[in-house]
file my_file.cif (mmCIF, C-alpha atoms and all ligand atoms)
data_coords
loop_
_atom_site.group_PDB
_atom_site.id
_atom_site.type_symbol
_atom_site.label_atom_id
_atom_site.label_comp_id
_atom_site.auth_asym_id
_atom_site.auth_seq_id
_atom_site.Cartn_x
_atom_site.Cartn_y
_atom_site.Cartn_z
ATOM 1 C CA MET A 1 16.769 -3.321 10.910
ATOM 2 C CA LEU A 2 13.975 -5.767 10.166
ATOM 3 C CA SER A 3 11.909 -6.192 13.307
ATOM 4 C CA TYR A 4 8.602 -4.906 11.915
ATOM 5 C CA GLN A 5 5.895 -7.479 11.174
ATOM 6 C CA HIS A 6 2.709 -6.233 9.581
ATOM 7 C CA ILE A 7 0.552 -8.947 11.195
ATOM 8 C CA TYR A 8 0.468 -6.783 14.364
ATOM 9 C CA HIS A 9 -1.018 -3.879 12.375
ATOM 10 C CA ALA A 10 -2.914 -5.516 9.489
ATOM 11 C CA GLY A 11 -6.405 -4.172 8.924
ATOM 12 C CA ASN A 12 -5.809 -1.138 11.158
ATOM 13 C CA LEU A 13 -7.095 2.335 10.277
ATOM 14 C CA ALA A 14 -3.928 3.122 8.316
ATOM 15 C CA ASP A 15 -4.445 -0.020 6.220
ATOM 16 C CA VAL A 16 -8.072 0.976 5.575
ATOM 17 C CA HIS A 17 -6.889 4.393 4.313
ATOM 18 C CA LYS A 18 -3.955 3.056 2.256
ATOM 19 C CA HIS A 19 -5.888 0.131 0.779
ATOM 20 C CA THR A 20 -8.902 2.299 -0.105
ATOM 21 C CA VAL A 21 -6.693 4.682 -2.082
ATOM 22 C CA LEU A 22 -4.927 1.703 -3.696
ATOM 23 C CA ALA A 23 -8.239 0.142 -4.756
ATOM 24 C CA VAL A 24 -9.476 3.407 -6.265
ATOM 25 C CA LEU A 25 -6.247 4.015 -8.217
ATOM 26 C CA LEU A 26 -6.097 0.482 -9.619
ATOM 27 C CA THR A 27 -9.774 0.523 -10.587
ATOM 28 C CA ALA A 28 -9.240 3.823 -12.437
ATOM 29 C CA MET A 29 -6.172 2.443 -14.261
ATOM 30 C CA LYS A 30 -8.064 -0.679 -15.284
ATOM 31 C CA ALA A 31 -10.492 1.462 -17.277
ATOM 32 C CA LYS A 32 -7.934 1.285 -20.132
ATOM 33 C CA ASP A 33 -7.422 -2.228 -21.403
ATOM 34 C CA LYS A 34 -3.612 -2.068 -21.779
ATOM 35 C CA PRO A 35 -1.722 -4.370 -19.351
ATOM 36 C CA ILE A 36 -0.226 -2.956 -16.178
ATOM 37 C CA SER A 37 3.094 -3.787 -14.577
ATOM 38 C CA TYR A 38 2.435 -3.648 -10.810
ATOM 39 C CA MET A 39 5.317 -3.509 -8.312
ATOM 40 C CA GLU A 40 5.711 -3.184 -4.549
ATOM 41 C CA THR A 41 8.890 -2.195 -2.742
ATOM 42 C CA HIS A 42 7.668 -3.450 0.675
ATOM 43 C CA ALA A 43 5.157 -6.216 0.058
ATOM 44 C CA GLY A 44 4.503 -7.903 3.405
ATOM 45 C CA ARG A 45 2.811 -11.304 3.292
ATOM 46 C CA GLY A 46 -0.305 -10.489 1.276
ATOM 47 C CA LEU A 47 -2.770 -12.217 3.588
ATOM 48 C CA TYR A 48 -3.369 -11.729 7.322
ATOM 49 C CA ASN A 49 -5.322 -13.694 9.911
ATOM 50 C CA LEU A 50 -6.985 -11.131 12.178
ATOM 51 C CA SER A 51 -7.739 -13.796 14.786
ATOM 52 C CA SER A 52 -4.016 -14.544 15.215
ATOM 53 C CA GLU A 53 -2.348 -13.939 18.562
ATOM 54 C CA GLU A 54 -0.323 -11.036 17.108
ATOM 55 C CA ALA A 55 -3.355 -9.203 15.656
ATOM 56 C CA ILE A 56 -5.387 -9.691 18.827
ATOM 57 C CA LYS A 57 -2.501 -8.494 20.991
ATOM 58 C CA THR A 58 -2.565 -4.977 19.516
ATOM 59 C CA GLY A 59 -6.315 -4.868 18.765
ATOM 60 C CA GLU A 60 -5.597 -2.523 15.842
ATOM 61 C CA ALA A 61 -7.766 -4.398 13.346
ATOM 62 C CA LYS A 62 -10.683 -4.277 15.790
ATOM 63 C CA LEU A 63 -10.593 -0.444 15.671
ATOM 64 C CA GLY A 64 -9.924 -0.576 11.924
ATOM 65 C CA ILE A 65 -11.494 -2.839 9.309
ATOM 66 C CA ILE A 66 -13.557 -4.859 11.820
ATOM 67 C CA ASP A 67 -15.251 -1.707 13.146
ATOM 68 C CA CYS A 68 -15.651 -0.288 9.614
ATOM 69 C CA LEU A 69 -17.329 -3.501 8.384
ATOM 70 C CA GLU A 70 -19.689 -3.516 11.370
ATOM 71 C CA HIS A 71 -20.598 0.170 11.666
ATOM 72 C CA LYS A 72 -19.386 2.098 8.608
ATOM 73 C CA ARG A 73 -19.840 -0.372 5.758
ATOM 74 C CA HIS A 74 -21.885 2.218 3.796
ATOM 75 C CA LEU A 75 -18.865 4.586 3.832
ATOM 76 C CA LEU A 76 -16.388 2.026 2.448
ATOM 77 C CA ASN A 77 -15.362 2.346 -1.186
ATOM 78 C CA LYS A 78 -17.154 -0.397 -3.128
ATOM 79 C CA ASP A 79 -14.092 -1.737 -4.952
ATOM 80 C CA TYR A 80 -12.110 -2.035 -1.706
ATOM 81 C CA LEU A 81 -15.074 -3.566 0.124
ATOM 82 C CA GLY A 82 -15.711 -6.005 -2.750
ATOM 83 C CA ALA A 83 -12.117 -7.280 -2.626
ATOM 84 C CA VAL A 84 -12.145 -7.666 1.189
ATOM 85 C CA GLU A 85 -15.484 -9.498 1.003
ATOM 86 C CA LYS A 86 -14.187 -11.782 -1.724
ATOM 87 C CA VAL A 87 -11.284 -12.906 0.467
ATOM 88 C CA GLN A 88 -13.510 -13.334 3.516
ATOM 89 C CA LYS A 89 -16.095 -15.312 1.554
ATOM 90 C CA ILE A 90 -13.464 -17.795 0.361
ATOM 91 C CA LEU A 91 -11.223 -18.007 3.442
ATOM 92 C CA GLY A 92 -13.361 -16.862 6.376
ATOM 93 C CA LYS A 93 -14.274 -13.609 8.126
ATOM 94 C CA GLU A 94 -10.991 -13.582 10.065
ATOM 95 C CA PHE A 95 -8.867 -13.026 6.939
ATOM 96 C CA TYR A 96 -7.789 -9.670 5.572
ATOM 97 C CA PRO A 97 -5.997 -9.070 2.244
ATOM 98 C CA GLY A 98 -2.727 -7.140 2.200
ATOM 99 C CA SER A 99 -1.971 -4.612 -0.515
ATOM 100 C CA LEU A 100 -0.692 -7.119 -3.070
ATOM 101 C CA MET A 101 -3.638 -9.492 -2.615
ATOM 102 C CA LEU A 102 -6.004 -6.554 -3.135
ATOM 103 C CA ALA A 103 -4.062 -5.605 -6.261
ATOM 104 C CA ARG A 104 -4.152 -9.179 -7.572
ATOM 105 C CA ILE A 105 -7.918 -9.332 -7.023
ATOM 106 C CA LEU A 106 -8.601 -5.911 -8.558
ATOM 107 C CA LEU A 107 -6.285 -6.243 -11.568
ATOM 108 C CA ARG A 108 -6.382 -8.839 -14.355
ATOM 109 C CA ASP A 109 -4.608 -12.031 -15.495
ATOM 110 C CA GLU A 110 -2.676 -10.137 -18.186
ATOM 111 C CA ASP A 111 -1.203 -7.730 -15.613
ATOM 112 C CA GLU A 112 2.193 -8.563 -14.136
ATOM 113 C CA PHE A 113 3.192 -8.388 -10.456
ATOM 114 C CA ASN A 114 6.690 -8.002 -8.994
ATOM 115 C CA LEU A 115 6.746 -7.953 -5.206
ATOM 116 C CA MET A 116 9.806 -7.262 -3.030
ATOM 117 C CA GLU A 117 10.068 -8.392 0.597
ATOM 118 C CA LEU A 118 13.283 -8.584 2.601
ATOM 119 C CA HIS A 119 12.241 -10.111 5.951
ATOM 120 C CA PRO A 120 12.926 -13.892 5.748
ATOM 121 C CA LYS A 121 9.782 -14.946 7.610
ATOM 122 C CA GLU A 122 7.541 -12.452 5.800
ATOM 123 C CA TYR A 123 9.043 -13.470 2.477
ATOM 124 C CA ALA A 124 8.405 -17.170 3.181
ATOM 125 C CA ALA A 125 4.760 -16.387 3.989
ATOM 126 C CA LEU A 126 4.441 -14.169 0.895
ATOM 127 C CA HIS A 127 5.902 -16.819 -1.385
ATOM 128 C CA HIS A 128 3.702 -19.511 0.149
ATOM 129 C CA THR A 129 0.559 -17.423 -0.451
ATOM 130 C CA MET A 130 1.344 -16.174 -3.950
ATOM 131 C CA PHE A 131 3.535 -18.779 -5.720
ATOM 132 C CA ASP A 132 0.625 -20.318 -7.614
ATOM 133 C CA PHE A 133 -0.933 -17.053 -8.869
ATOM 134 C CA LYS A 134 -0.545 -16.291 -12.559
ATOM 135 C CA ASN A 135 2.016 -13.595 -13.454
ATOM 136 C CA VAL A 136 3.010 -13.004 -9.821
ATOM 137 C CA HIS A 137 6.749 -12.910 -9.071
ATOM 138 C CA THR A 138 8.016 -12.600 -5.493
ATOM 139 C CA HIS A 139 11.572 -11.420 -4.774
ATOM 140 C CA LYS A 140 13.526 -11.733 -1.517
ATOM 141 C CA ARG A 141 15.323 -8.500 -2.182
ATOM 142 C CA ASP A 142 15.664 -4.894 -1.046
ATOM 143 C CA GLY A 143 12.575 -3.168 -2.439
ATOM 144 C CA TYR A 144 14.259 0.073 -3.513
ATOM 145 C CA GLU A 145 17.030 -1.713 -5.372
ATOM 146 C CA GLY A 146 14.690 -4.389 -6.796
ATOM 147 C CA VAL A 147 12.064 -2.030 -8.217
ATOM 148 C CA LEU A 148 14.694 0.256 -9.760
ATOM 149 C CA ALA A 149 16.351 -2.764 -11.396
ATOM 150 C CA LEU A 150 13.080 -4.031 -12.875
ATOM 151 C CA ALA A 151 11.553 -0.669 -13.864
ATOM 152 C CA PRO A 152 11.530 -0.374 -17.656
ATOM 153 C CA ARG A 153 13.712 2.356 -19.100
ATOM 154 C CA ARG A 154 12.195 4.614 -21.771
ATOM 155 C CA PRO A 155 12.841 4.194 -24.642
ATOM 156 C CA PRO A 156 12.505 1.471 -25.871
ATOM 157 C CA ASN A 157 9.936 -0.031 -23.557
ATOM 158 C CA PRO A 158 7.332 2.343 -22.166
ATOM 159 C CA SER A 159 5.053 0.324 -20.003
ATOM 160 C CA ARG A 160 1.994 1.228 -17.942
ATOM 161 C CA GLY A 161 3.129 0.820 -14.420
ATOM 162 C CA PHE A 162 2.128 1.159 -10.787
ATOM 163 C CA VAL A 163 4.550 1.169 -7.848
ATOM 164 C CA LEU A 164 3.442 1.020 -4.210
ATOM 165 C CA ILE A 165 6.041 2.201 -1.672
ATOM 166 C CA ASP A 166 4.995 1.131 1.807
ATOM 167 C CA PRO A 167 7.976 1.078 4.202
ATOM 168 C CA SER A 168 7.712 0.358 7.903
ATOM 169 C CA TYR A 169 9.580 3.594 8.860
ATOM 170 C CA GLU A 170 11.510 1.781 11.610
ATOM 171 C CA VAL A 171 14.293 4.346 11.237
ATOM 172 C CA LYS A 172 13.938 8.102 10.622
ATOM 173 C CA GLU A 173 16.262 7.926 7.579
ATOM 174 C CA GLU A 174 13.483 6.131 5.723
ATOM 175 C CA TYR A 175 11.712 9.481 5.169
ATOM 176 C CA ASP A 176 14.730 10.764 3.184
ATOM 177 C CA LYS A 177 15.257 7.462 1.459
ATOM 178 C CA VAL A 178 11.790 7.469 -0.105
ATOM 179 C CA VAL A 179 12.320 10.970 -1.506
ATOM 180 C CA SER A 180 15.527 10.035 -3.302
ATOM 181 C CA PHE A 181 13.990 6.727 -4.422
ATOM 182 C CA ILE A 182 10.981 8.502 -5.973
ATOM 183 C CA ALA A 183 13.311 10.908 -7.802
ATOM 184 C CA LYS A 184 15.331 8.009 -9.283
ATOM 185 C CA LEU A 185 12.263 5.942 -10.104
ATOM 186 C CA HIS A 186 10.489 8.812 -11.856
ATOM 187 C CA LYS A 187 13.603 9.581 -13.906
ATOM 188 C CA LYS A 188 13.765 5.998 -15.129
ATOM 189 C CA TRP A 189 10.044 5.224 -15.481
ATOM 190 C CA GLU A 190 8.339 8.570 -15.912
ATOM 191 C CA THR A 191 4.885 7.225 -16.813
ATOM 192 C CA ALA A 192 4.534 5.004 -13.746
ATOM 193 C CA VAL A 193 1.876 5.826 -11.188
ATOM 194 C CA VAL A 194 3.690 5.918 -7.839
ATOM 195 C CA MET A 195 1.884 5.695 -4.511
ATOM 196 C CA LEU A 196 3.692 6.339 -1.222
ATOM 197 C CA TRP A 197 2.189 5.633 2.205
ATOM 198 C CA TYR A 198 3.453 7.317 5.392
ATOM 199 C CA PRO A 199 2.377 7.502 9.043
ATOM 200 C CA VAL A 200 1.250 10.764 10.633
ATOM 201 C CA LEU A 201 2.907 10.794 14.069
ATOM 202 C CA LYS A 202 2.732 13.530 16.691
ATOM 203 C CA GLU A 203 6.471 14.162 16.139
ATOM 204 C CA GLY A 204 5.638 15.204 12.554
ATOM 205 C CA TYR A 205 8.564 13.320 10.938
ATOM 206 C CA HIS A 206 6.641 13.189 7.646
ATOM 207 C CA LYS A 207 6.398 16.987 7.202
ATOM 208 C CA ASP A 208 9.852 17.533 5.791
ATOM 209 C CA MET A 209 9.424 14.603 3.406
ATOM 210 C CA VAL A 210 6.055 15.896 2.143
ATOM 211 C CA ALA A 211 7.559 19.387 1.600
ATOM 212 C CA LYS A 212 10.475 17.930 -0.391
ATOM 213 C CA LEU A 213 8.112 15.889 -2.564
ATOM 214 C CA ALA A 214 6.021 19.011 -3.228
ATOM 215 C CA ASP A 215 9.162 20.889 -4.360
ATOM 216 C CA MET A 216 10.222 18.268 -6.877
ATOM 217 C CA GLY A 217 7.864 19.450 -9.623
ATOM 218 C CA LEU A 218 6.423 15.962 -10.117
ATOM 219 C CA PRO A 219 3.471 15.634 -12.522
ATOM 220 C CA LYS A 220 -0.183 15.086 -11.561
ATOM 221 C CA THR A 221 0.362 14.768 -7.819
ATOM 222 C CA TYR A 222 -2.301 13.977 -5.235
ATOM 223 C CA SER A 223 -2.131 13.837 -1.427
ATOM 224 C CA SER A 224 -4.530 12.510 1.149
ATOM 225 C CA GLU A 225 -3.909 12.902 4.879
ATOM 226 C CA VAL A 226 -6.481 11.723 7.381
ATOM 227 C CA THR A 227 -6.632 11.962 11.192
ATOM 228 C CA PHE A 228 -7.963 9.035 13.204
ATOM 229 C CA SER A 229 -10.504 10.416 15.707
ATOM 230 C CA ALA A 230 -10.672 6.979 17.399
ATOM 231 C CA LEU A 231 -6.967 7.313 18.324
ATOM 232 C CA LYS A 232 -6.935 10.925 19.490
ATOM 233 C CA ASN A 233 -6.109 9.947 23.092
ATOM 234 C CA ALA A 234 -3.849 7.021 22.219
ATOM 235 C CA GLU A 235 -0.070 6.844 22.050
ATOM 236 C CA GLY A 236 1.545 6.381 18.637
ATOM 237 C CA ILE A 237 0.060 6.908 15.180
ATOM 238 C CA LYS A 238 -2.365 9.839 14.811
ATOM 239 C CA GLY A 239 -3.245 9.516 11.154
ATOM 240 C CA SER A 240 -2.204 8.287 7.742
ATOM 241 C CA GLY A 241 -0.916 9.904 4.580
ATOM 242 C CA VAL A 242 -0.699 8.982 0.932
ATOM 243 C CA PHE A 243 1.193 10.774 -1.835
ATOM 244 C CA VAL A 244 0.632 9.870 -5.489
ATOM 245 C CA LEU A 245 2.295 10.979 -8.680
ATOM 246 C CA ASN A 246 0.803 10.509 -12.139
ATOM 247 C CA MET A 247 -2.603 10.317 -10.473
ATOM 248 C CA PRO A 248 -4.869 8.237 -12.755
ATOM 249 C CA PHE A 249 -7.714 10.061 -14.485
ATOM 250 C CA GLY A 250 -11.006 9.956 -12.552
ATOM 251 C CA ALA A 251 -9.547 8.685 -9.255
ATOM 252 C CA GLU A 252 -9.523 11.939 -7.298
ATOM 253 C CA GLU A 253 -13.302 12.432 -7.364
ATOM 254 C CA LYS A 254 -13.807 8.918 -5.988
ATOM 255 C CA LEU A 255 -11.674 9.833 -2.971
ATOM 256 C CA ALA A 256 -13.317 13.181 -2.209
ATOM 257 C CA ASP A 257 -15.122 11.907 0.921
ATOM 258 C CA ILE A 258 -12.451 9.540 2.239
ATOM 259 C CA GLY A 259 -11.921 11.556 5.457
ATOM 260 C CA GLU A 260 -15.476 10.767 6.681
ATOM 261 C CA LEU A 261 -14.510 7.167 7.379
ATOM 262 C CA PHE A 262 -12.034 8.254 10.052
ATOM 263 C CA ASN A 263 -14.029 11.013 11.799
HETATM 264 C C1 LIG B 1 4.164 -1.925 6.121
HETATM 265 S S1 LIG B 1 4.710 -3.512 5.722
HETATM 266 C C2 LIG B 1 3.980 -3.826 4.159
HETATM 267 C C3 LIG B 1 2.473 -3.958 4.177
HETATM 268 C C4 LIG B 1 1.838 -4.225 2.843
HETATM 269 N N1 LIG B 1 2.309 -3.326 1.797
HETATM 270 C C5 LIG B 1 0.336 -4.116 2.928
HETATM 271 O O1 LIG B 1 -0.212 -2.992 2.848
HETATM 272 O O2 LIG B 1 -0.334 -5.154 3.065
HETATM 273 C C6 LIG B 1 6.391 -3.246 5.292
HETATM 274 C C7 LIG B 1 7.130 -4.524 4.893
HETATM 275 O O3 LIG B 1 8.395 -4.124 4.323
HETATM 276 C C8 LIG B 1 9.365 -5.103 4.662
HETATM 277 N N2 LIG B 1 10.675 -4.445 4.467
HETATM 278 C C9 LIG B 1 11.352 -3.618 5.302
HETATM 279 N N3 LIG B 1 12.459 -3.119 4.704
HETATM 280 C C10 LIG B 1 12.454 -3.622 3.423
HETATM 281 C C11 LIG B 1 13.288 -3.430 2.294
HETATM 282 N N4 LIG B 1 14.364 -2.621 2.347
HETATM 283 N N5 LIG B 1 12.971 -4.053 1.152
HETATM 284 C C12 LIG B 1 11.886 -4.875 1.082
HETATM 285 N N6 LIG B 1 11.048 -5.094 2.111
HETATM 286 C C13 LIG B 1 11.327 -4.470 3.274
HETATM 287 C C14 LIG B 1 9.004 -5.486 6.070
HETATM 288 O O4 LIG B 1 9.527 -6.756 6.381
HETATM 289 C C15 LIG B 1 7.461 -5.476 6.016
HETATM 290 O O5 LIG B 1 6.972 -6.750 5.709
#
call {"tool": "encode", "arguments": {"input": "my_file.cif", "output": "structure tokens", "more": "lines below"}}
Ligand SMILES: C[S@@+](CC[C@H](N)C(=O)[O-])C[C@H]1O[C@@H](n2cnc3c(N)ncnc32)[C@H](O)[C@@H]1O
result
Amino acid sequence: MLSYQHIYHAGNLADVHKHTVLAVLLTAMKAKDKPISYMETHAGRGLYNLSSEEAIKTGEAKLGIIDCLEHKRHLLNKDYLGAVEKVQKILGKEFYPGSLMLARILLRDEDEFNLMELHPKEYAALHHTMFDFKNVHTHKRDGYEGVLALAPRRPPNPSRGFVLIDPSYEVKEEYDKVVSFIAKLHKKWETAVVMLWYPVLKEGYHKDMVAKLADMGLPKTYSSEVTFSALKNAEGIKGSGVFVLNMPFGAEEKLADIGELFN
């Protein structure tokens, strides 16, 4: 099923949480000067217009990044804020960078980007936005299959890597799928930093998945779950969660106060 379109949700509170963690992890990895191979299983389009009909219809960005920029700017991580401001300075205040645009801004020319997106319309928009960027490869392909195919096998080619897994969770099976994907990915590319995003819903679908990930004995794990006080009386998403393995050195301290943004 491919009915999800991130334009309805771009820049919402979950994006602020996910993209803040992403910015902190990539900034920490960049401290070493070896190149990074960056991949996404579920890329989206990379750039979102928050004044579009779709974004205005849900109003999610208004409660998310727009409110944070107006009232909580001092609480935003400086690397995340810097990347958002860079996009808005060039393209206008109505634009918001998706995960891969943030990664492209925060990483370097020598780093390599492989981005998977299956939805035909989203892929067309992604390709249109990114085709001219150095070392960026877009793939109209299933993200789980694509990343596993491109992940370097050790030996002979250990490579510093980062994989973002950001599914739309349109079906409940997705929670099991990510667990088996992470197991396969880690077996093949054990040094890669892997970041998984998941929604916190009142039904608690994520709980079983989080427990299974905790039981896998993965190295250097980190989790961040936040509750959105602004949505406490709303239907739908209640909070946002991130699970990381091979957490980069120095990143955890930078995220110690992340919950404050959502209180
Ligand atoms: C949550 S959005 C991605 C948002 C993006 N990572 C960001 O933070 O800016 C999930 C995307 O995954 C795409 N998608 C869904 N199933 C997929 C699959 N099996 N492989 C690749 N992309 C898929 C959807 O079309 C959608 O664009």
call {"tool": "closest_residue", "arguments": {"input": "my_file.cif", "among": "A:Pro152, A:Pro199, A:Gly146, A:Pro167", "to": "ligand LIG 1 (chain B)", "atoms": "all atoms listed in the file"}}
result
A:Pro167
call {"tool": "closest_residue", "arguments": {"input": "my_file.cif", "among": "A:Trp189, A:Phe113, A:Phe262, A:Tyr123", "to": "ligand LIG 1 (chain B)", "atoms": "all atoms listed in the file"}}
result
A:Tyr123
call {"tool": "closest_residue", "arguments": {"input": "my_file.cif", "among": "A:Asn49, A:Ser99, A:Ser3, A:Thr138", "to": "ligand LIG 1 (chain B)", "atoms": "all atoms listed in the file"}}
result
A:Ser99
call {"tool": "closest_residue", "arguments": {"input": "my_file.cif", "among": "A:His119, A:Arg153, A:Lys86, A:Lys172", "to": "His206 in chain A", "atoms": "all atoms listed in the file"}}
result
A:Lys172
call {"tool": "residues_near_point", "arguments": {"input": "my_file.cif", "point": "(-14.1, -8.2, 1.5)", "cutoff": "12 Å", "atoms": "only C-alpha atoms", "output": "NGL selection string"}}
result
:A and (11 or 16 or 19-20 or 23 or 65-66 or 68-69 or 73 or 76-98 or 101-102 or 105-106)
call {"tool": "residues_near_ligand", "arguments": {"input": "my_file.cif", "ligand": "ligand LIG 1 (chain B)", "cutoff": "6 Å", "atoms": "all atoms listed in the file", "output": "PyMOL selection string"}}
result
chain A and resi 2+4-6+41-44+46+98-99+116-119+122+141-143+166-168
call {"tool": "closest_residue", "arguments": {"input": "my_file.cif", "among": "A:Gly161, A:Ala61, A:His137, A:Glu225", "to": "Glu190 in chain A", "atoms": "all atoms listed in the file"}}
result
A:Gly161
call {"tool": "resolve_selection", "arguments": {"input": "my_file.cif", "expression": "the PyMOL selection byres (((chain A and resi 236-238) around 9) and not hetatm)", "output": "PyMOL selection string"}}
result
chain A and resi 14+199-202+226-229+231-232+234-235+239-240
call {"tool": "residues_around", "arguments": {"input": "my_file.cif", "residues": "Leu218 in chain A", "least_positions_apart": "3", "cutoff": "12 Å", "atoms": "all atoms listed in the file", "output": "PyMOL selection string"}}
result
chain A and resi 179+182-187+190-194+212-215+221-222+243-247
call {"tool": "axis_aligned_box", "arguments": {"input": "my_file.cif", "around": "range 58-76 of chain A", "padding_each_side": "4 Å", "output": "lines of an AutoDock Vina configuration file"}}
result
center_x = -12.2
center_y = -0.2
center_z = 11.0
size_x = 27.3
size_y = 17.6
size_z = 25.1
call {"tool": "atom_distance", "arguments": {"input": "my_file.cif", "atom1": "CA of Lys62 in chain A", "atom2": "CA of Tyr205 in chain A"}}
result
26.5 Å
call {"tool": "closest_residue", "arguments": {"input": "my_file.cif", "among": "A:Tyr38, A:Arg45, A:Glu60, A:Glu203", "to": "Val136 in chain A", "atoms": "all atoms listed in the file"}}
result
A:Tyr38
call {"tool": "decode", "arguments": {"input": "my_file.cif", "residues": "range 17-66 of chain A", "atoms": "C-alpha atoms", "output": "PDB file, in the first residue's frame"}}
result
ATOM      1  CA  HIS A  17      12.198  15.100  16.908  1.00  0.00           C
ATOM      2  CA  LYS A  18      13.474  12.769  14.157  1.00  0.00           C
ATOM      3  CA  HIS A  19      15.403  15.471  12.299  1.00  0.00           C
ATOM      4  CA  THR A  20      16.992  16.826  15.494  1.00  0.00           C
ATOM      5  CA  VAL A  21      18.344  13.379  16.364  1.00  0.00           C
ATOM      6  CA  LEU A  22      19.491  12.918  12.749  1.00  0.00           C
ATOM      7  CA  ALA A  23      21.348  16.246  12.772  1.00  0.00           C
ATOM      8  CA  VAL A  24      23.094  15.429  16.050  1.00  0.00           C
ATOM      9  CA  LEU A  25      24.182  11.954  14.892  1.00  0.00           C
ATOM     10  CA  LEU A  26      25.527  13.180  11.551  1.00  0.00           C
ATOM     11  CA  THR A  27      27.375  16.085  13.164  1.00  0.00           C
ATOM     12  CA  ALA A  28      29.013  13.664  15.625  1.00  0.00           C
ATOM     13  CA  MET A  29      30.029  11.292  12.800  1.00  0.00           C
ATOM     14  CA  LYS A  30      31.509  14.151  10.800  1.00  0.00           C
ATOM     15  CA  ALA A  31      34.027  14.774  13.580  1.00  0.00           C
ATOM     16  CA  LYS A  32      36.162  12.040  11.935  1.00  0.00           C
ATOM     17  CA  ASP A  33      37.289  12.977   8.460  1.00  0.00           C
ATOM     18  CA  LYS A  34      36.709   9.566   6.815  1.00  0.00           C
ATOM     19  CA  PRO A  35      33.905   9.576   4.188  1.00  0.00           C
ATOM     20  CA  ILE A  36      30.450   8.335   5.102  1.00  0.00           C
ATOM     21  CA  SER A  37      28.083   6.247   3.026  1.00  0.00           C
ATOM     22  CA  TYR A  38      24.595   7.579   3.868  1.00  0.00           C
ATOM     23  CA  MET A  39      21.460   5.607   2.948  1.00  0.00           C
ATOM     24  CA  GLU A  40      17.714   5.951   3.471  1.00  0.00           C
ATOM     25  CA  THR A  41      15.170   3.171   3.088  1.00  0.00           C
ATOM     26  CA  HIS A  42      12.171   5.563   2.919  1.00  0.00           C
ATOM     27  CA  ALA A  43      13.410   8.873   1.562  1.00  0.00           C
ATOM     28  CA  GLY A  44      10.340  10.968   0.745  1.00  0.00           C
ATOM     29  CA  ARG A  45      10.892  13.991  -1.492  1.00  0.00           C
ATOM     30  CA  GLY A  46      13.612  15.819   0.430  1.00  0.00           C
ATOM     31  CA  LEU A  47      11.994  19.251   0.292  1.00  0.00           C
ATOM     32  CA  TYR A  48       8.521  20.359   1.411  1.00  0.00           C
ATOM     33  CA  ASN A  49       6.510  23.526   0.860  1.00  0.00           C
ATOM     34  CA  LEU A  50       4.709  24.241   4.133  1.00  0.00           C
ATOM     35  CA  SER A  51       2.387  26.718   2.417  1.00  0.00           C
ATOM     36  CA  SER A  52       1.053  23.988   0.100  1.00  0.00           C
ATOM     37  CA  GLU A  53      -2.607  23.020   0.241  1.00  0.00           C
ATOM     38  CA  GLU A  54      -1.719  19.601   1.712  1.00  0.00           C
ATOM     39  CA  ALA A  55       0.426  21.004   4.557  1.00  0.00           C
ATOM     40  CA  ILE A  56      -2.139  23.672   5.409  1.00  0.00           C
ATOM     41  CA  LYS A  57      -4.959  21.123   5.383  1.00  0.00           C
ATOM     42  CA  THR A  58      -3.538  19.193   8.350  1.00  0.00           C
ATOM     43  CA  GLY A  59      -1.882  22.176  10.081  1.00  0.00           C
ATOM     44  CA  GLU A  60       0.756  19.812  11.496  1.00  0.00           C
ATOM     45  CA  ALA A  61       3.724  21.993  10.559  1.00  0.00           C
ATOM     46  CA  LYS A  62       2.078  24.968  12.273  1.00  0.00           C
ATOM     47  CA  LEU A  63       2.145  23.058  15.600  1.00  0.00           C
ATOM     48  CA  GLY A  64       5.610  21.719  14.761  1.00  0.00           C
ATOM     49  CA  ILE A  65       8.548  23.547  13.194  1.00  0.00           C
ATOM     50  CA  ILE A  66       6.640  26.816  12.637  1.00  0.00           C
TER      51      ILE A  66
END
